[in-house]
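J.: This is the content of entry_30.pdb (PDB, C-alpha atoms, pLDDT in the B column):
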```pdb
ATOM      1  CA  MET A   1     160.641 196.130 145.519  1.00 48.00           C
ATOM      2  CA  LEU A   2     158.604 199.215 144.771  1.00 52.00           C
ATOM      3  CA  HIS A   3     160.359 202.465 143.930  1.00 50.00           C
ATOM      4  CA  SER A   4     158.885 205.899 143.807  1.00 52.00           C
ATOM      5  CA  ALA A   5     159.154 207.551 140.424  1.00 57.00           C
ATOM      6  CA  ALA A   6     160.520 210.674 142.112  1.00 63.00           C
ATOM      7  CA  ALA A   7     163.274 208.793 144.025  1.00 62.00           C
ATOM      8  CA  THR A   8     166.808 209.281 142.842  1.00 67.00           C
ATOM      9  CA  PRO A   9     169.028 206.251 142.144  1.00 65.00           C
ATOM     10  CA  GLU A  10     170.980 207.038 145.352  1.00 64.00           C
ATOM     11  CA  GLN A  11     167.770 206.984 147.420  1.00 60.00           C
ATOM     12  CA  GLN A  12     166.679 203.728 145.796  1.00 61.00           C
ATOM     13  CA  ARG A  13     169.950 201.979 146.723  1.00 65.00           C
ATOM     14  CA  GLU A  14     169.900 203.136 150.347  1.00 65.00           C
ATOM     15  CA  ILE A  15     166.534 202.004 151.668  1.00 74.00           C
ATOM     16  CA  ILE A  16     168.119 200.892 154.954  1.00 75.00           C
ATOM     17  CA  SER A  17     171.071 202.942 156.118  1.00 81.00           C
ATOM     18  CA  ARG A  18     174.443 201.307 156.573  1.00 84.00           C
ATOM     19  CA  ARG A  19     174.557 202.481 160.173  1.00 88.00           C
ATOM     20  CA  LEU A  20     171.333 200.660 160.933  1.00 89.00           C
ATOM     21  CA  LEU A  21     172.571 197.491 159.245  1.00 89.00           C
ATOM     22  CA  ARG A  22     175.819 197.612 161.238  1.00 93.00           C
ATOM     23  CA  ALA A  23     173.910 198.180 164.475  1.00 95.00           C
ATOM     24  CA  MET A  24     171.636 195.192 163.737  1.00 95.00           C
ATOM     25  CA  ALA A  25     174.674 193.014 162.944  1.00 96.00           C
ATOM     26  CA  LEU A  26     176.330 194.054 166.222  1.00 97.00           C
ATOM     27  CA  LEU A  27     173.143 193.273 168.124  1.00 97.00           C
ATOM     28  CA  VAL A  28     172.949 189.790 166.598  1.00 97.00           C
ATOM     29  CA  ALA A  29     176.660 189.126 167.194  1.00 97.00           C
ATOM     30  CA  GLY A  30     176.386 190.344 170.797  1.00 96.00           C
ATOM     31  CA  SER A  31     173.349 188.150 171.449  1.00 95.00           C
ATOM     32  CA  LEU A  32     175.091 185.097 170.024  1.00 95.00           C
ATOM     33  CA  ALA A  33     178.185 185.829 172.124  1.00 96.00           C
ATOM     34  CA  LEU A  34     176.099 186.067 175.326  1.00 93.00           C
ATOM     35  CA  VAL A  35     174.208 182.863 174.609  1.00 91.00           C
ATOM     36  CA  THR A  36     177.410 181.010 173.717  1.00 93.00           C
ATOM     37  CA  TYR A  37     179.075 182.210 176.928  1.00 92.00           C
ATOM     38  CA  ALA A  38     176.095 181.121 179.035  1.00 88.00           C
ATOM     39  CA  ARG A  39     175.982 177.673 177.437  1.00 87.00           C
ATOM     40  CA  VAL A  40     179.747 177.057 177.590  1.00 91.00           C
ATOM     41  CA  THR A  41     179.997 178.126 181.251  1.00 91.00           C
ATOM     42  CA  ASP A  42     176.771 176.244 182.161  1.00 85.00           C
ATOM     43  CA  ARG A  43     175.237 179.293 183.827  1.00 83.00           C
ATOM     44  CA  PRO A  44     172.088 178.602 185.847  1.00 76.00           C
ATOM     45  CA  LEU A  45     168.732 179.955 184.766  1.00 69.00           C
ATOM     46  CA  GLU A  46     168.323 183.254 186.560  1.00 68.00           C
ATOM     47  CA  ALA A  47     164.990 184.477 185.229  1.00 66.00           C
ATOM     48  CA  GLN A  48     162.954 181.935 187.184  1.00 67.00           C
ATOM     49  CA  PRO A  49     160.530 183.492 189.686  1.00 70.00           C
ATOM     50  CA  VAL A  50     161.267 182.844 193.338  1.00 72.00           C
ATOM     51  CA  ASP A  51     158.931 180.282 194.834  1.00 73.00           C
ATOM     52  CA  GLY A  52     156.780 181.692 197.583  1.00 81.00           C
ATOM     53  CA  PRO A  53     154.397 179.841 199.851  1.00 88.00           C
ATOM     54  CA  ILE A  54     152.106 177.392 198.051  1.00 88.00           C
ATOM     55  CA  VAL A  55     148.480 178.124 198.980  1.00 89.00           C
ATOM     56  CA  GLN A  56     146.847 175.444 196.842  1.00 86.00           C
ATOM     57  CA  GLU A  57     148.087 172.451 194.895  1.00 87.00           C
ATOM     58  CA  ARG A  58     146.779 169.380 193.183  1.00 88.00           C
ATOM     59  CA  VAL A  59     148.440 166.294 191.747  1.00 90.00           C
ATOM     60  CA  ILE A  60     147.011 165.567 188.313  1.00 88.00           C
ATOM     61  CA  HIS A  61     147.467 163.168 185.421  1.00 88.00           C
ATOM     62  CA  VAL A  62     147.067 164.597 181.941  1.00 87.00           C
ATOM     63  CA  PHE A  63     146.365 162.618 178.792  1.00 87.00           C
ATOM     64  CA  ALA A  64     146.296 164.648 175.605  1.00 85.00           C
ATOM     65  CA  ASN A  65     146.571 164.099 171.885  1.00 82.00           C
ATOM     66  CA  MET A  66     147.652 166.130 168.888  1.00 83.00           C
ATOM     67  CA  SER A  67     144.084 167.251 168.128  1.00 85.00           C
ATOM     68  CA  GLY A  68     144.046 169.324 171.303  1.00 82.00           C
ATOM     69  CA  ALA A  69     141.678 167.049 173.203  1.00 85.00           C
ATOM     70  CA  ALA A  70     142.757 166.333 176.770  1.00 85.00           C
ATOM     71  CA  GLN A  71     141.633 164.453 179.830  1.00 87.00           C
ATOM     72  CA  ILE A  72     142.675 165.488 183.308  1.00 87.00           C
ATOM     73  CA  LEU A  73     142.458 163.017 186.169  1.00 88.00           C
ATOM     74  CA  ASP A  74     143.133 163.506 189.864  1.00 86.00           C
ATOM     75  CA  GLU A  75     145.751 161.463 191.682  1.00 87.00           C
ATOM     76  CA  ASN A  76     143.179 158.721 192.365  1.00 88.00           C
ATOM     77  CA  GLY A  77     142.163 158.447 188.707  1.00 86.00           C
ATOM     78  CA  ALA A  78     138.856 160.332 189.002  1.00 88.00           C
ATOM     79  CA  LEU A  79     137.999 162.454 185.971  1.00 87.00           C
ATOM     80  CA  ILE A  80     138.434 166.186 186.577  1.00 85.00           C
ATOM     81  CA  ALA A  81     137.906 167.386 183.022  1.00 83.00           C
ATOM     82  CA  ASP A  82     137.315 165.869 179.588  1.00 85.00           C
ATOM     83  CA  LEU A  83     138.203 168.618 177.137  1.00 84.00           C
ATOM     84  CA  SER A  84     137.374 168.714 173.442  1.00 85.00           C
ATOM     85  CA  PRO A  85     140.009 169.859 170.923  1.00 84.00           C
ATOM     86  CA  THR A  86     138.649 173.429 171.078  1.00 81.00           C
ATOM     87  CA  GLN A  87     138.665 173.484 174.893  1.00 79.00           C
ATOM     88  CA  GLY A  88     141.903 171.636 175.605  1.00 76.00           C
ATOM     89  CA  GLY A  89     144.320 173.128 173.098  1.00 78.00           C
ATOM     90  CA  PHE A  90     146.348 175.019 175.698  1.00 79.00           C
ATOM     91  CA  ILE A  91     146.556 172.109 178.115  1.00 81.00           C
ATOM     92  CA  ALA A  92     147.399 169.690 175.300  1.00 83.00           C
ATOM     93  CA  GLY A  93     150.132 172.050 174.116  1.00 83.00           C
ATOM     94  CA  VAL A  94     151.710 172.321 177.561  1.00 83.00           C
ATOM     95  CA  TRP A  95     151.429 168.564 177.932  1.00 85.00           C
ATOM     96  CA  ARG A  96     153.286 168.031 174.639  1.00 86.00           C
ATOM     97  CA  ALA A  97     156.136 170.129 176.055  1.00 84.00           C
ATOM     98  CA  VAL A  98     156.173 168.052 179.273  1.00 85.00           C
ATOM     99  CA  THR A  99     156.110 164.832 177.247  1.00 86.00           C
ATOM    100  CA  PHE A 100     158.921 166.058 175.003  1.00 87.00           C
ATOM    101  CA  GLU A 101     161.145 166.793 178.009  1.00 84.00           C
ATOM    102  CA  ARG A 102     160.303 163.404 179.521  1.00 86.00           C
ATOM    103  CA  GLN A 103     161.134 161.588 176.282  1.00 86.00           C
ATOM    104  CA  LYS A 104     164.521 163.333 176.122  1.00 86.00           C
ATOM    105  CA  ALA A 105     165.258 162.139 179.666  1.00 83.00           C
ATOM    106  CA  ARG A 106     163.707 158.671 179.059  1.00 86.00           C
ATOM    107  CA  ILE A 107     161.173 159.137 181.870  1.00 83.00           C
ATOM    108  CA  ASP A 108     157.684 157.681 182.260  1.00 83.00           C
ATOM    109  CA  PRO A 109     155.380 159.869 180.120  1.00 79.00           C
ATOM    110  CA  ASP A 110     152.324 159.044 182.266  1.00 81.00           C
ATOM    111  CA  ALA A 111     153.706 160.201 185.627  1.00 86.00           C
ATOM    112  CA  PRO A 112     151.608 162.873 187.385  1.00 88.00           C
ATOM    113  CA  VAL A 113     152.427 166.576 187.642  1.00 88.00           C
ATOM    114  CA  ARG A 114     151.625 169.158 190.296  1.00 90.00           C
ATOM    115  CA  LEU A 115     149.434 172.171 189.575  1.00 87.00           C
ATOM    116  CA  MET A 116     150.176 174.851 192.168  1.00 88.00           C
ATOM    117  CA  ARG A 117     149.004 178.325 193.129  1.00 86.00           C
ATOM    118  CA  PHE A 118     151.435 180.495 195.071  1.00 87.00           C
ATOM    119  CA  ALA A 119     150.550 183.165 197.617  1.00 86.00           C
ATOM    120  CA  ASP A 120     151.264 185.879 195.037  1.00 83.00           C
ATOM    121  CA  GLY A 121     148.635 184.369 192.702  1.00 80.00           C
ATOM    122  CA  ARG A 122     151.035 182.765 190.208  1.00 82.00           C
ATOM    123  CA  LEU A 123     150.159 179.355 188.813  1.00 83.00           C
ATOM    124  CA  ALA A 124     152.756 176.758 187.939  1.00 84.00           C
ATOM    125  CA  LEU A 125     152.771 173.257 186.563  1.00 84.00           C
ATOM    126  CA  ARG A 126     155.648 171.243 188.010  1.00 87.00           C
ATOM    127  CA  ASP A 127     156.955 167.986 186.668  1.00 85.00           C
ATOM    128  CA  GLU A 128     158.860 166.562 189.623  1.00 83.00           C
ATOM    129  CA  VAL A 129     159.837 163.473 187.611  1.00 81.00           C
ATOM    130  CA  GLY A 130     161.307 165.369 184.659  1.00 78.00           C
ATOM    131  CA  GLY A 131     162.457 168.420 186.586  1.00 79.00           C
ATOM    132  CA  THR A 132     160.634 170.961 184.421  1.00 81.00           C
ATOM    133  CA  ARG A 133     158.271 173.719 185.427  1.00 81.00           C
ATOM    134  CA  PHE A 134     155.904 175.920 183.519  1.00 79.00           C
ATOM    135  CA  GLU A 135     154.809 179.290 184.862  1.00 80.00           C
ATOM    136  CA  LEU A 136     151.293 179.407 183.450  1.00 73.00           C
ATOM    137  CA  ILE A 137     150.843 183.181 183.484  1.00 71.00           C
ATOM    138  CA  GLY A 138     153.401 183.310 180.676  1.00 61.00           C
ATOM    139  CA  PHE A 139     150.737 181.858 178.406  1.00 60.00           C
ATOM    140  CA  GLY A 140     148.230 184.644 179.029  1.00 62.00           C
ATOM    141  CA  PRO A 141     145.552 185.365 181.632  1.00 61.00           C
ATOM    142  CA  ASP A 142     142.821 183.341 179.890  1.00 66.00           C
ATOM    143  CA  ASN A 143     144.934 180.176 179.859  1.00 60.00           C
ATOM    144  CA  ALA A 144     146.049 180.748 183.447  1.00 60.00           C
ATOM    145  CA  ALA A 145     142.399 181.134 184.498  1.00 65.00           C
ATOM    146  CA  ALA A 146     141.485 177.893 182.715  1.00 62.00           C
ATOM    147  CA  SER A 147     144.250 176.119 184.599  1.00 64.00           C
ATOM    148  CA  ALA A 148     143.179 177.676 187.901  1.00 61.00           C
ATOM    149  CA  ARG A 149     139.721 176.145 187.472  1.00 64.00           C
ATOM    150  CA  ARG A 150     141.353 172.689 187.565  1.00 63.00           C
ATOM    151  CA  LEU A 151     142.488 173.345 191.134  1.00 57.00           C
ATOM    152  CA  ASN A 152     138.893 173.642 192.279  1.00 61.00           C
ATOM    153  CA  GLU A 153     137.102 170.995 190.228  1.00 56.00           C
TER     154      GLU A 153
END
```
What would the structure in this file look like if it were written as structure tokens?
T.:
Amino acid sequence: MLHSAAATPEQQREIISRRLLRAMALLVAGSLALVTYARVTDRPLEAQPVDGPIVQERVIHVFANMSGAAQILDENGALIADLSPTQGGFIAGVWRAVTFERQKARIDPDAPVRLMRFADGRLALRDEVGGTRFELIGFGPDNAAASARRLNE
């Protein structure tokens, strides 16, 4: 820790005020209390966007590896995209999350997912088998745009 030569010993000891430390501790304790309450009472997820009308959707199969490379096939097995590790990093990352959830539930890791566009422009990846969904705008507009291209290929 660096100290100014002009700082008094009292100023050196009190870099962060006690009030601020207490406020941070209360914030952490309050957050933990809220999370514990929600988990114990099994509260439903309330921050999920309301589903509107689906204007476009496609059933796809994704095969990805840890390097970031990914292949996307349509429901008939035709190749939609063969992405290199630099191109497929986002899709491979989302697919690892889907696979993780499927492994926890002991579900077929190769089952298809649905890529959907809603009337309000949102994109979502739905895993009907595993019961998970990913709102793709949460990953940034560039990644959402890359996913949107898969609807039209």
J.: What separation in Å, quoted to one decimal, exists between atom CA of A:Arg122 and atom CA of A:Pro85?
T.: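 It comes out at 25.7 Å.
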J.: Kindly give the distance, in Å, that separates atom CA of A:Ala64 and atom CA of A:Ala92, rounded to a single decimal.
T.: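 Going from atom CA of A:Ala64 over to atom CA of A:Ala92 covers 5.2 Å.
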J.: Could you tell me which residues the PyMOL selection byres ((chain A and resi 65) around 12) grabs in this file, written as a PyMOL selection string?
T.: chain A and resi 62-64+66-71+83-85+88-96+99
J.: With C-alpha atoms retained, could you export that selection as a compact mmCIF listing (two decimals), in the frame of the given file?
T.:
```txt
# COMPACT_ATOMS: atom_id res chain seq x y z
CA VAL A 62 147.07 164.60 181.94
CA PHE A 63 146.36 162.62 178.79
CA ALA A 64 146.30 164.65 175.60
CA MET A 66 147.65 166.13 168.89
CA SER A 67 144.08 167.25 168.13
CA GLY A 68 144.05 169.32 171.30
CA ALA A 69 141.68 167.05 173.20
CA ALA A 70 142.76 166.33 176.77
CA GLN A 71 141.63 164.45 179.83
CA LEU A 83 138.20 168.62 177.14
CA SER A 84 137.37 168.71 173.44
CA PRO A 85 140.01 169.86 170.92
CA GLY A 88 141.90 171.64 175.60
CA GLY A 89 144.32 173.13 173.10
CA PHE A 90 146.35 175.02 175.70
CA ILE A 91 146.56 172.11 178.12
CA ALA A 92 147.40 169.69 175.30
CA GLY A 93 150.13 172.05 174.12
CA VAL A 94 151.71 172.32 177.56
CA TRP A 95 151.43 168.56 177.93
CA ARG A 96 153.29 168.03 174.64
CA THR A 99 156.11 164.83 177.25
```
J.: By how many Å are atom CA of A:Val55 and atom CA of A:Thr86 apart?
T.: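 Between atom CA of A:Val55 and atom CA of A:Thr86 the gap works out to 30.0 Å.
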J.: On this structure, the PyMOL selection byres ((chain A and resi 130) around 12) would catch which residues? List them as a list of chain:residue names, sorted by chain and number.
T.: A:Ala97, A:Val98, A:Thr99, A:Phe100, A:Glu101, A:Arg102, A:Gln103, A:Lys104, A:Ala105, A:Arg106, A:Ile107, A:Asp108, A:Pro109, A:Asp110, A:Ala111, A:Pro112, A:Val113, A:Arg114, A:Leu125, A:Arg126, A:Asp127, A:Glu128, A:Val129, A:Gly131, A:Thr132, A:Arg133, A:Phe134
J.: Would you kindly return, as a list in words, each protein, DNA or RNA residue with an atom no farther than 8 Å from any atom of A:Phe118, considering only C-alpha atoms and excluding same-chain residues fewer than 5 positions away?
T.: Asp51, Gly52, Pro53, Ile54, Val55, Gln56 and Leu123 of chain A
J.: Ranking A:Pro49, A:Gly77, A:Ala29, A:Arg22 by minimum distance to A:Ile137 and counting all atoms listed in the file, which one comes first?
T.: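 Of A:Pro49, A:Gly77, A:Ala29, A:Arg22, the one nearest A:Ile137, counting all atoms listed in the file, is A:Pro49.
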J.: Could you give me, as a ChimeraX atom specification, the residues within 8 Å of A:Arg58, counting only C-alpha atoms and dropping anything in the same chain fewer than 4 positions from it?
T.: /A:74,114-116,151
J.: Hey, can I get the axis-aligned box for stretch 36-40 of chain A? All listed atoms, 8 Å padding on each side, centre and edge lengths in Å to one decimal, as AutoDock Vina command-line options.
T.:
```
--center_x 177.9 --center_y 179.6 --center_z 176.4 --size_x 19.8 --size_y 21.2 --size_z 21.3
```
J.: For each of A:Ala25, A:Pro44, A:Leu136, A:Leu73, take the minimum atom-to-atom distance to A:Arg117, counting all atoms listed in the file, then give the residue where this is smallest.
T.: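 Smallest distance to A:Arg117 is found for A:Leu136.
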